[in-house]
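**Student:** Here you go, one structure.
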Amino acid sequence: MKKRIIQFLTTYFLFVLLFVLQKPIFMVYYHELYNDVSFGNYFSVMWHGLPLDLSLAGYLTAIPGLILIASAWTQSSILRHIRQVYFGLIAFIMACIFIIDLGLYGFWGFRLDATPIFYFFSSPKDAMASVSFWFVLLGILAILIYAALLYYIFYMALIRERKPLKIPYRRQNTSLTLLLLTAALFIPIRGGFTVSTMNLSKVYFSQDQRMNHAAINPAFSFMYSATHQTNFDKQYRFMDPKVADELFAEMLDKPVAATDSIPQLLNTQRPNIVFIILESFSTHLMETFGGQPNVAVNMDKFAKEGILFSNFYANSFRTDRGLASIISAYPGQPSTSIMKYPEKTDKLPSIPRSLKNAGYSLDYYYGGDADFTNMRSYLISSGIEKIVCDKDFPLSERTSKWGAHDHVLFQRLLKDMKEEEQKEPFLKFVQTSSSHEPFEVPFHRLDDKGLNAFAYADSCVGDFIKRYKELPQWKNTVFVLVPDHQGVYPYPIENPLDGQTIPLILLGGAIKEPRVIDTYASQIDIAATLLSQLGLPHDEFTFSKDIMNPASPHFGYFTRPNFFGMVTPENQLVYNLEANTVQLDEGTEKGANLEKGKAFLQKLYDDLAKR
């Protein structure tokens, strides 16, 4: 009995030790983020991260516990083989999660969740396009080396038997003791006997989010995310449903007051509309917003020539969430992506469908894989009639990791518009891709690789619009220039508000006059605003507000996997969803957006559950 109990405890605490040691490795790997922390901070991270480590170790020790119980009744070699396979599998899974998390954190800024599975299986090629071949190769090599090291540790400590375990004299007592020990794993797994069960907030201990992120066990984060993908009506329950309904009603678009009128931005109600969705662009790339000079020079020029929305926010952090926010006015969700569920996207409203009913023809141009993140099914269900993607370009033009470079994409669009007999009015979407990792572009103006890629994408847009001005359609066209989300520049971003600010610019011959609109808004507000300008109904866009309607509430809203933000002139607030605490609270009316922001997210998940 004694040997089996020792092996059981060794198994559990070995898992705990390995998880604890991963934390300083993570911090050393991201030394540029943690170069100012003390040794005491390292120990604080390891100590406060223990609850998740103890919980996950409990999960992983349960099967070895059952194997030890079985060994009290038989000496069959089958048990040894099961143990070998189990620890080999666990070693490989632990290595995969740790190394993948290590690689992705620098891109995403949060610990591993279930998102990569969706991206990888929708299009493996595009999922890997952000990184170089050598980065992937080194990652695979690191996984194999780490898995081999873990298995060696497991073999030496748990699998190798100097003296095989004998069947005990009192096997019933031994079995009962081990059964009780295995059952006791429920305590660390659940996190004790309190009302709340184990979750990521248990390890949050600092006002410095870097410390909290380092304390998170990526394997637990991944498991927690994977098991909370569908129970949407149970997620983010902040308040009584009636209270949420009342608060949410205050945040909806309002009828135009009798004393008000909607300022008209366009000189026609049926313009041609071209959305240019800019991969990863942000205000930080534009001198107009006090950002980097000499990068997005065309965007800076368009900001003066067109209508600039100066307090505009991306609703989320990845393309799939951004597209749904722009096209369907559906806010990004922190724990999932609605694009994962075609049966739900089928029921979303969309700008294309609304304009199709008004006689518009509908095209979508993208140089990459239209099947990535279920994009094709979403676009078709949105009403798009024609999709041009990577497969529609010859191999000689698919020289980017994402497919066709941006200049090739715009050349194709311009060629089609000249050669095809264009039915007007038309709606076209152009989604760029070159300003995305790994930033390999046929353009060499700036030394910084990332900034150079953004400058290249900007030059492609500028050249396209310059050439389009020569066409007769220019005078009746409005361009909507909007990023899908903010990308990796600058990095790191300490203020979460700075990680969501993006430009929105309306440009073209159909624009009445240049102006700057400083109303607070986000991507979900494009639909109601545009359709209102066209004199079309937008009631079905529940979350969208007409930016130009004085009677409507105006705010920017955004989510990431670990927080939501709500910004108004009076209050700029970010709420950490893992720690369940306010992360940032600024403005003249601090805290004013807290309950509203919670209600908005709760109602979003109510809606998501019903779709």
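Going through the structure tokens in order, the chains are called A, B, and so on, while each chain numbers its residues from 1 and the ligands are numbered from 1 in the order shown.
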Find the spatial neighbours of Ala370 (chain A), counting only C-alpha atoms, within a cut-off of 12 Å - ignore same-chain residues fewer than 2 positions away - and output them as a ChimeraX atom specification.

**Tutor:** /A:122-123,125-126,319-320,364-368,372-380,386-392,402-403,431,433

**Student:** Given the selection you just returned, output its residues as a file containing N, CA, C and O atoms, formatted as a compact mmCIF listing (two decimals), in the first residue's frame.

**Tutor:**
```txt
# COMPACT_ATOMS: atom_id res chain seq x y z
N SER A 122 -9.96 25.12 -40.27
CA SER A 122 -10.67 25.77 -41.37
C SER A 122 -9.75 25.98 -42.56
O SER A 122 -10.18 25.91 -43.71
N SER A 123 -8.46 26.21 -42.29
CA SER A 123 -7.48 26.36 -43.38
C SER A 123 -6.08 26.27 -42.78
O SER A 123 -5.53 27.28 -42.34
N LYS A 125 -3.22 26.05 -44.13
CA LYS A 125 -2.25 26.89 -44.83
C LYS A 125 -2.29 28.31 -44.30
O LYS A 125 -1.26 28.92 -43.99
N ASP A 126 -3.48 28.88 -44.20
CA ASP A 126 -3.59 30.26 -43.72
C ASP A 126 -3.27 30.37 -42.24
O ASP A 126 -2.75 31.40 -41.78
N THR A 319 -9.61 38.70 -37.65
CA THR A 319 -10.36 39.01 -38.87
C THR A 319 -11.77 38.45 -38.85
O THR A 319 -12.72 39.13 -39.26
N ASP A 320 -11.94 37.21 -38.39
CA ASP A 320 -13.28 36.62 -38.42
C ASP A 320 -14.26 37.42 -37.56
O ASP A 320 -15.42 37.63 -37.96
N TYR A 364 -17.13 40.20 -53.69
CA TYR A 364 -16.13 40.19 -52.61
C TYR A 364 -14.79 39.78 -53.19
O TYR A 364 -14.68 38.73 -53.85
N TYR A 365 -13.75 40.56 -52.94
CA TYR A 365 -12.40 40.28 -53.45
C TYR A 365 -11.44 40.08 -52.28
O TYR A 365 -11.35 40.92 -51.38
N TYR A 366 -10.73 38.97 -52.33
CA TYR A 366 -9.75 38.65 -51.28
C TYR A 366 -8.64 37.82 -51.91
O TYR A 366 -8.92 36.86 -52.62
N GLY A 367 -7.40 38.17 -51.66
CA GLY A 367 -6.29 37.45 -52.26
C GLY A 367 -5.97 36.13 -51.59
O GLY A 367 -5.17 35.34 -52.12
N GLY A 368 -6.59 35.86 -50.43
CA GLY A 368 -6.29 34.65 -49.67
C GLY A 368 -7.37 33.59 -49.81
O GLY A 368 -8.20 33.62 -50.72
N PHE A 372 -10.99 30.12 -45.08
CA PHE A 372 -10.38 30.30 -43.76
C PHE A 372 -11.41 30.85 -42.79
O PHE A 372 -12.11 31.81 -43.07
N THR A 373 -11.51 30.23 -41.64
CA THR A 373 -12.46 30.57 -40.57
C THR A 373 -13.91 30.58 -41.07
O THR A 373 -14.73 31.39 -40.62
N ASN A 374 -14.24 29.68 -42.00
CA ASN A 374 -15.62 29.57 -42.52
C ASN A 374 -16.07 30.85 -43.23
O ASN A 374 -17.28 31.14 -43.29
N MET A 375 -15.12 31.61 -43.76
CA MET A 375 -15.46 32.91 -44.37
C MET A 375 -16.43 32.75 -45.54
O MET A 375 -17.38 33.52 -45.68
N ARG A 376 -16.20 31.75 -46.40
CA ARG A 376 -17.03 31.60 -47.58
C ARG A 376 -18.50 31.38 -47.22
O ARG A 376 -19.39 32.03 -47.78
N SER A 377 -18.74 30.47 -46.27
CA SER A 377 -20.13 30.21 -45.89
C SER A 377 -20.78 31.46 -45.32
O SER A 377 -21.96 31.74 -45.56
N TYR A 378 -20.00 32.24 -44.56
CA TYR A 378 -20.53 33.48 -43.99
C TYR A 378 -20.85 34.48 -45.09
O TYR A 378 -21.92 35.11 -45.09
N LEU A 379 -19.95 34.66 -46.04
CA LEU A 379 -20.17 35.64 -47.10
C LEU A 379 -21.37 35.27 -47.97
O LEU A 379 -22.18 36.13 -48.34
N ILE A 380 -21.48 33.99 -48.29
CA ILE A 380 -22.61 33.56 -49.12
C ILE A 380 -23.92 33.76 -48.38
O ILE A 380 -24.91 34.25 -48.95
N LYS A 386 -20.68 37.03 -55.73
CA LYS A 386 -19.45 36.65 -56.42
C LYS A 386 -18.28 36.80 -55.45
O LYS A 386 -18.09 37.86 -54.85
N ILE A 387 -17.50 35.73 -55.30
CA ILE A 387 -16.33 35.76 -54.42
C ILE A 387 -15.10 35.48 -55.27
O ILE A 387 -14.99 34.42 -55.90
N VAL A 388 -14.17 36.41 -55.29
CA VAL A 388 -12.88 36.23 -55.95
C VAL A 388 -11.84 36.03 -54.87
O VAL A 388 -11.67 36.89 -54.00
N CYS A 389 -11.15 34.87 -54.89
CA CYS A 389 -10.17 34.57 -53.85
C CYS A 389 -8.91 33.98 -54.48
O CYS A 389 -8.73 34.04 -55.70
N ASP A 390 -8.05 33.38 -53.67
CA ASP A 390 -6.75 32.93 -54.15
C ASP A 390 -6.84 31.98 -55.35
O ASP A 390 -6.02 32.04 -56.27
N LYS A 391 -7.84 31.13 -55.35
CA LYS A 391 -7.96 30.15 -56.43
C LYS A 391 -8.26 30.80 -57.78
O LYS A 391 -8.11 30.16 -58.83
N ASP A 392 -8.68 32.05 -57.76
CA ASP A 392 -9.01 32.75 -59.01
C ASP A 392 -7.83 33.52 -59.59
O ASP A 392 -7.97 34.19 -60.60
N TRP A 402 -0.12 34.32 -47.98
CA TRP A 402 -1.57 34.38 -47.85
C TRP A 402 -2.27 34.19 -49.20
O TRP A 402 -3.48 34.06 -49.24
N GLY A 403 -1.51 34.20 -50.29
CA GLY A 403 -2.10 34.06 -51.62
C GLY A 403 -1.56 35.12 -52.55
O GLY A 403 -0.35 35.18 -52.80
N GLN A 431 -10.76 42.86 -49.36
CA GLN A 431 -10.08 42.55 -48.10
C GLN A 431 -8.60 42.34 -48.36
O GLN A 431 -8.21 41.44 -49.08
N SER A 433 -4.48 41.66 -47.36
CA SER A 433 -3.85 40.63 -46.52
C SER A 433 -2.35 40.83 -46.33
O SER A 433 -1.75 40.21 -45.45
```

**Student:** May I have the residues within 9 Å of Met211 (chain A) as an MDAnalysis selection string, using only C-alpha atoms and disregarding those fewer than 2 positions away in the same chain?

**Tutor:** chainID A and resid 34 41:42 44:45 204:209 213:215

**Student:** Could you save those same residues with all heavy atoms as a short mmCIF file (atom, residue, chain, number, x, y, z; two decimals), in the first residue's frame?

**Tutor:**
```
data_model
loop_
_atom_site.label_atom_id
_atom_site.label_comp_id
_atom_site.auth_asym_id
_atom_site.auth_seq_id
_atom_site.Cartn_x
_atom_site.Cartn_y
_atom_site.Cartn_z
N TYR A 34 9.29 41.39 -19.44
CA TYR A 34 9.51 41.20 -18.01
C TYR A 34 10.91 41.61 -17.57
O TYR A 34 11.39 41.17 -16.52
CB TYR A 34 9.27 39.73 -17.64
CG TYR A 34 7.85 39.27 -17.90
CD1 TYR A 34 7.52 38.61 -19.08
CD2 TYR A 34 6.84 39.51 -16.97
CE1 TYR A 34 6.21 38.19 -19.32
CE2 TYR A 34 5.54 39.10 -17.21
CZ TYR A 34 5.23 38.45 -18.38
OH TYR A 34 3.94 38.04 -18.62
N ASN A 41 9.08 38.92 -8.01
CA ASN A 41 7.94 38.83 -8.91
C ASN A 41 7.83 37.43 -9.52
O ASN A 41 6.72 36.91 -9.72
CB ASN A 41 8.06 39.86 -10.03
CG ASN A 41 7.91 41.29 -9.55
OD1 ASN A 41 8.70 42.16 -9.89
ND2 ASN A 41 6.91 41.54 -8.72
N TYR A 42 8.98 36.84 -9.84
CA TYR A 42 8.97 35.48 -10.38
C TYR A 42 8.32 34.52 -9.38
O TYR A 42 7.49 33.69 -9.76
CB TYR A 42 10.39 35.02 -10.69
CG TYR A 42 10.91 35.47 -12.03
CD1 TYR A 42 11.41 36.75 -12.21
CD2 TYR A 42 10.90 34.61 -13.13
CE1 TYR A 42 11.90 37.17 -13.44
CE2 TYR A 42 11.39 35.02 -14.37
CZ TYR A 42 11.88 36.30 -14.51
OH TYR A 42 12.35 36.71 -15.74
N SER A 44 6.29 35.32 -6.96
CA SER A 44 4.87 35.68 -6.81
C SER A 44 4.04 35.06 -7.91
O SER A 44 2.93 34.55 -7.67
CB SER A 44 4.70 37.20 -6.83
OG SER A 44 5.27 37.79 -5.68
N VAL A 45 4.56 35.09 -9.13
CA VAL A 45 3.85 34.48 -10.26
C VAL A 45 3.68 32.98 -10.03
O VAL A 45 2.58 32.43 -10.22
CB VAL A 45 4.62 34.75 -11.58
CG1 VAL A 45 4.13 33.82 -12.69
CG2 VAL A 45 4.46 36.19 -12.00
N TYR A 204 -5.32 35.69 -10.66
CA TYR A 204 -5.08 37.12 -10.83
C TYR A 204 -4.78 37.74 -9.48
O TYR A 204 -5.58 37.64 -8.55
CB TYR A 204 -6.28 37.78 -11.48
CG TYR A 204 -6.25 37.72 -12.99
CD1 TYR A 204 -6.39 36.51 -13.66
CD2 TYR A 204 -6.03 38.86 -13.75
CE1 TYR A 204 -6.34 36.44 -15.04
CE2 TYR A 204 -5.99 38.81 -15.14
CZ TYR A 204 -6.14 37.60 -15.78
OH TYR A 204 -6.08 37.54 -17.14
N PHE A 205 -3.63 38.39 -9.38
CA PHE A 205 -3.21 38.92 -8.08
C PHE A 205 -2.61 40.31 -8.18
O PHE A 205 -2.35 40.96 -7.16
CB PHE A 205 -2.17 37.98 -7.46
CG PHE A 205 -0.83 37.98 -8.17
CD1 PHE A 205 0.23 38.74 -7.71
CD2 PHE A 205 -0.65 37.22 -9.32
CE1 PHE A 205 1.46 38.73 -8.37
CE2 PHE A 205 0.57 37.20 -9.99
CZ PHE A 205 1.63 37.97 -9.51
N SER A 206 -2.37 40.81 -9.39
CA SER A 206 -1.63 42.05 -9.56
C SER A 206 -2.38 43.04 -10.44
O SER A 206 -3.18 42.64 -11.30
CB SER A 206 -0.26 41.73 -10.19
OG SER A 206 0.44 42.90 -10.54
N GLN A 207 -2.08 44.32 -10.25
CA GLN A 207 -2.60 45.36 -11.14
C GLN A 207 -1.84 45.36 -12.47
O GLN A 207 -2.28 45.96 -13.44
CB GLN A 207 -2.49 46.73 -10.48
CG GLN A 207 -3.40 46.91 -9.28
CD GLN A 207 -4.87 46.76 -9.64
OE1 GLN A 207 -5.34 47.37 -10.60
NE2 GLN A 207 -5.60 45.95 -8.89
N ASP A 208 -0.70 44.70 -12.47
CA ASP A 208 0.12 44.57 -13.68
C ASP A 208 -0.32 43.32 -14.43
O ASP A 208 -0.06 42.19 -13.98
CB ASP A 208 1.60 44.48 -13.30
CG ASP A 208 2.53 44.53 -14.51
OD1 ASP A 208 2.05 44.29 -15.63
OD2 ASP A 208 3.73 44.81 -14.31
N GLN A 209 -0.99 43.49 -15.57
CA GLN A 209 -1.54 42.35 -16.29
C GLN A 209 -0.47 41.38 -16.78
O GLN A 209 -0.74 40.20 -17.00
CB GLN A 209 -2.40 42.83 -17.47
CG GLN A 209 -3.63 43.61 -17.06
CD GLN A 209 -4.52 42.83 -16.11
OE1 GLN A 209 -4.74 41.63 -16.28
NE2 GLN A 209 -5.02 43.50 -15.09
N HIS A 213 -0.92 37.34 -16.51
CA HIS A 213 -0.82 36.46 -17.67
C HIS A 213 0.24 35.38 -17.45
O HIS A 213 0.06 34.23 -17.84
CB HIS A 213 -0.47 37.28 -18.91
CG HIS A 213 -1.62 38.09 -19.42
ND1 HIS A 213 -1.54 38.89 -20.53
CD2 HIS A 213 -2.89 38.23 -18.96
CE1 HIS A 213 -2.70 39.48 -20.75
NE2 HIS A 213 -3.53 39.11 -19.79
N ALA A 214 1.36 35.77 -16.83
CA ALA A 214 2.42 34.80 -16.58
C ALA A 214 1.98 33.71 -15.60
O ALA A 214 2.47 32.57 -15.66
CB ALA A 214 3.66 35.50 -16.04
N ALA A 215 1.06 34.05 -14.70
CA ALA A 215 0.60 33.09 -13.69
C ALA A 215 -0.37 32.07 -14.25
O ALA A 215 -0.61 31.02 -13.63
CB ALA A 215 -0.05 33.84 -12.53
#
```

**Student:** For region 322-328 of chain A, find every residue with an atom within 10 Å (counting only C-alpha atoms), except residues of its own chain fewer than 6 positions away, and show them as a VMD selection string.

**Tutor:** chain A and resid 275 277 279 314 to 316 337 to 339 345 348 to 353 375 378 to 379 382 429 431 482 to 486 522 to 527 540 to 544

**Student:** Identify which of the residues A:Asn231, A:Ser310, A:Asn217, A:Ser400 lies closest to Leu112 (chain A), counting only C-alpha atoms when measuring atom-to-atom distances.

**Tutor:**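 Under the stated criterion, the closest residue is A:Asn217.
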
**Student:** Which residue, A:Thr115, A:Gln7, A:Ser381, A:Thr177, has the smallest gap to Glu161 (chain A) when you use only C-alpha atoms?

**Tutor:**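 Under the stated criterion, the closest residue is A:Gln7.
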
**Student:** Which one is closest to Thr529 (chain A): A:Asp369, A:Asp300, A:Asp253, A:Glu424? Count only C-alpha atoms.

**Tutor:** A:Asp253

**Student:** Leaving out region 240-243 of chain A and any residue of its chain fewer than 3 positions from it, which residues lie within 9 Å of it when counting only C-alpha atoms, given as a PyMOL selection string?

**Tutor:** chain A and resi 237+246-248+599+602-603

**Student:** In terms of the shortest atom-to-atom distance over only C-alpha atoms, which of A:Ala329, A:Leu507, A:Leu534, A:Leu497 is closest to Glu586 (chain A)?

**Tutor:** A:Leu497
